[in-house]
Amino acid sequence: IEMETLRELVDLARLSASAKNLQPLKYILSCDPERNALIFQHLTWAGYLENWSGPAEGERPSAYIIVLGDKEISDSFNSDFGIAAQSILL
């Protein structure tokens with residue numbers, strides 16, 4: 001996945017609805033294999049599957065969109081997360 005594709009997806013999310021139109025979400029994009037490896041170390045996969053530690057090398061995501069909420073803008077952004085994620089997935 002190219003960086004431009006990730007930017008386009010985030011732009012769609014940015015234009016989506018936001019509670020009180022506060023736009024508290026920030027995004028970190030990565031399609032770099034070295035950076036992705038660093039991100040992967042901090043992820044939890046399928047918590048209910050105790051004997052599975054997540055995707056093996058070669059099966060891991062080739063890109064990430066990390067969605068963050070800025071608490072200086074709003075303490076409540078759960079709805080915004082859902083709306084943004086839906087916009088990206090659609």
# chains A, B, ... in the order shown; residues from 1 in each chain; ligands from 1
call {"tool": "select_by_dssp", "arguments": {"residues": "stretch 54-87 of chain A", "states": "strand (DSSP E or B)", "output": "ChimeraX atom specification"}}
result
/A:64-69
call {"tool": "residues_around", "arguments": {"residues": "A:Ala63", "least_positions_apart": "5", "cutoff": "9 Å", "atoms": "only C-alpha atoms", "output": "ChimeraX atom specification"}}
result
/A:1-3,6,29-33,36
call {"tool": "residues_around", "arguments": {"residues": "stretch 81-86 of chain A", "least_positions_apart": "6", "cutoff": "7 Å", "atoms": "only C-alpha atoms", "output": "ChimeraX atom specification"}}
result
/A:13,16-17
call {"tool": "write_last_selection", "arguments": {"atoms": "N, CA and C atoms", "output": "short mmCIF file (atom, residue, chain, number, x, y, z; two decimals), in the first residue's frame"}}
result
data_model
loop_
_atom_site.label_atom_id
_atom_site.label_comp_id
_atom_site.auth_asym_id
_atom_site.auth_seq_id
_atom_site.Cartn_x
_atom_site.Cartn_y
_atom_site.Cartn_z
N ALA A 13 -11.76 10.08 6.11
CA ALA A 13 -12.15 10.05 7.52
C ALA A 13 -12.22 11.47 8.08
N SER A 16 -15.43 13.17 7.47
CA SER A 16 -16.61 12.53 8.06
C SER A 16 -17.11 13.32 9.26
N ALA A 17 -18.27 12.94 9.73
CA ALA A 17 -18.87 13.60 10.89
C ALA A 17 -17.96 13.47 12.11
#
call {"tool": "atom_distance", "arguments": {"atom1": "atom CA of A:Pro55", "atom2": "atom CA of A:Leu25"}}
result
27.4 Å
call {"tool": "residues_around", "arguments": {"residues": "A:Leu68", "least_positions_apart": "3", "cutoff": "12 Å", "atoms": "only C-alpha atoms", "output": "PyMOL selection string"}}
result
chain A and resi 23-29+65+71-78+80-82+84-85
call {"tool": "write_last_selection", "arguments": {"atoms": "C-alpha atoms", "output": "mmCIF file, in the first residue's frame"}}
result
data_model
loop_
_atom_site.group_PDB
_atom_site.id
_atom_site.type_symbol
_atom_site.label_atom_id
_atom_site.label_comp_id
_atom_site.auth_asym_id
_atom_site.auth_seq_id
_atom_site.Cartn_x
_atom_site.Cartn_y
_atom_site.Cartn_z
ATOM 1 C CA GLN A 23 -12.216 16.971 15.018
ATOM 2 C CA PRO A 24 -10.142 15.531 17.921
ATOM 3 C CA LEU A 25 -8.547 12.712 15.931
ATOM 4 C CA LYS A 26 -4.937 12.593 14.796
ATOM 5 C CA TYR A 27 -3.425 9.971 12.500
ATOM 6 C CA ILE A 28 -0.079 8.239 12.174
ATOM 7 C CA LEU A 29 0.517 6.544 8.827
ATOM 8 C CA ILE A 65 -3.314 3.818 10.053
ATOM 9 C CA LYS A 71 -7.424 14.981 24.875
ATOM 10 C CA GLU A 72 -6.631 18.687 24.680
ATOM 11 C CA ILE A 73 -9.481 18.961 22.180
ATOM 12 C CA SER A 74 -11.954 16.502 23.743
ATOM 13 C CA ASP A 75 -12.054 13.865 26.488
ATOM 14 C CA SER A 76 -14.680 11.893 24.594
ATOM 15 C CA PHE A 77 -13.933 10.667 21.103
ATOM 16 C CA ASN A 78 -15.221 7.083 20.979
ATOM 17 C CA ASP A 80 -15.355 9.822 16.359
ATOM 18 C CA PHE A 81 -13.126 6.717 16.318
ATOM 19 C CA GLY A 82 -16.002 4.589 15.075
ATOM 20 C CA ALA A 84 -13.488 7.492 11.153
ATOM 21 C CA ALA A 85 -12.837 3.746 11.079
#
call {"tool": "atom_distance", "arguments": {"atom1": "atom CA of A:Trp52", "atom2": "atom CA of A:Tyr64"}}
result
20.7 Å
call {"tool": "decode", "arguments": {"residues": "stretch 1-88 of chain A", "atoms": "C-alpha atoms", "output": "tab-separated table (two decimals), in the first residue's frame"}}
result
chain	number	residue	atom	x	y	z
A	1	ILE	CA	0.00	0.00	0.00
A	2	GLU	CA	1.41	3.37	-0.98
A	3	MET	CA	1.53	6.38	1.35
A	4	GLU	CA	-0.72	8.34	-1.02
A	5	THR	CA	-3.45	5.70	-0.59
A	6	LEU	CA	-3.19	5.97	3.19
A	7	ARG	CA	-3.44	9.77	2.96
A	8	GLU	CA	-6.54	9.50	0.77
A	9	LEU	CA	-8.19	7.17	3.30
A	10	VAL	CA	-7.42	9.53	6.18
A	11	ASP	CA	-8.72	12.46	4.17
A	12	LEU	CA	-12.04	10.64	3.77
A	13	ALA	CA	-12.15	10.05	7.52
A	14	ARG	CA	-11.24	13.69	8.18
A	15	LEU	CA	-14.24	14.83	6.15
A	16	SER	CA	-16.61	12.53	8.06
A	17	ALA	CA	-18.87	13.60	10.89
A	18	SER	CA	-17.33	14.45	14.25
A	19	ALA	CA	-19.11	14.90	17.59
A	20	LYS	CA	-19.62	18.65	18.10
A	21	ASN	CA	-17.43	19.04	14.99
A	22	LEU	CA	-14.39	19.18	17.27
A	23	GLN	CA	-12.22	16.97	15.02
A	24	PRO	CA	-10.14	15.53	17.92
A	25	LEU	CA	-8.55	12.71	15.93
A	26	LYS	CA	-4.94	12.59	14.80
A	27	TYR	CA	-3.43	9.97	12.50
A	28	ILE	CA	-0.08	8.24	12.17
A	29	LEU	CA	0.52	6.54	8.83
A	30	SER	CA	3.08	3.88	8.09
A	31	CYS	CA	3.89	1.78	5.04
A	32	ASP	CA	7.60	1.43	5.80
A	33	PRO	CA	8.58	-2.18	6.68
A	34	GLU	CA	10.99	-1.12	9.45
A	35	ARG	CA	8.47	1.22	11.07
A	36	ASN	CA	5.73	-1.40	10.66
A	37	ALA	CA	7.90	-3.89	12.55
A	38	LEU	CA	8.16	-1.41	15.45
A	39	ILE	CA	4.40	-0.85	15.44
A	40	PHE	CA	3.67	-4.59	15.30
A	41	GLN	CA	5.56	-5.18	18.58
A	42	HIS	CA	2.97	-3.08	20.41
A	43	LEU	CA	-0.18	-4.70	19.04
A	44	THR	CA	-2.36	-7.34	20.64
A	45	TRP	CA	-4.01	-9.84	18.32
A	46	ALA	CA	-7.17	-11.86	19.03
A	47	GLY	CA	-6.96	-11.76	22.82
A	48	TYR	CA	-9.37	-14.67	23.23
A	49	LEU	CA	-7.09	-16.98	21.23
A	50	GLU	CA	-4.54	-17.71	23.95
A	51	ASN	CA	-2.30	-19.89	21.77
A	52	TRP	CA	-2.03	-17.47	18.84
A	53	SER	CA	0.39	-14.57	18.99
A	54	GLY	CA	-0.78	-12.93	15.78
A	55	PRO	CA	0.20	-13.01	12.13
A	56	ALA	CA	3.52	-14.62	11.25
A	57	GLU	CA	6.24	-12.90	9.20
A	58	GLY	CA	4.97	-12.54	5.65
A	59	GLU	CA	1.33	-12.39	6.85
A	60	ARG	CA	1.58	-9.12	8.75
A	61	PRO	CA	-0.03	-5.86	7.59
A	62	SER	CA	1.93	-3.92	4.99
A	63	ALA	CA	0.61	-0.61	6.30
A	64	TYR	CA	-0.99	0.91	9.37
A	65	ILE	CA	-3.31	3.82	10.05
A	66	ILE	CA	-3.08	4.59	13.75
A	67	VAL	CA	-5.94	6.74	15.04
A	68	LEU	CA	-5.27	8.84	18.13
A	69	GLY	CA	-7.57	11.08	20.16
A	70	ASP	CA	-6.28	14.49	21.26
A	71	LYS	CA	-7.42	14.98	24.88
A	72	GLU	CA	-6.63	18.69	24.68
A	73	ILE	CA	-9.48	18.96	22.18
A	74	SER	CA	-11.95	16.50	23.74
A	75	ASP	CA	-12.05	13.87	26.49
A	76	SER	CA	-14.68	11.89	24.59
A	77	PHE	CA	-13.93	10.67	21.10
A	78	ASN	CA	-15.22	7.08	20.98
A	79	SER	CA	-17.92	7.99	18.47
A	80	ASP	CA	-15.36	9.82	16.36
A	81	PHE	CA	-13.13	6.72	16.32
A	82	GLY	CA	-16.00	4.59	15.08
A	83	ILE	CA	-17.06	7.06	12.41
A	84	ALA	CA	-13.49	7.49	11.15
A	85	ALA	CA	-12.84	3.75	11.08
A	86	GLN	CA	-16.07	3.13	9.18
A	87	SER	CA	-15.21	5.82	6.63
A	88	ILE	CA	-11.77	4.30	6.09
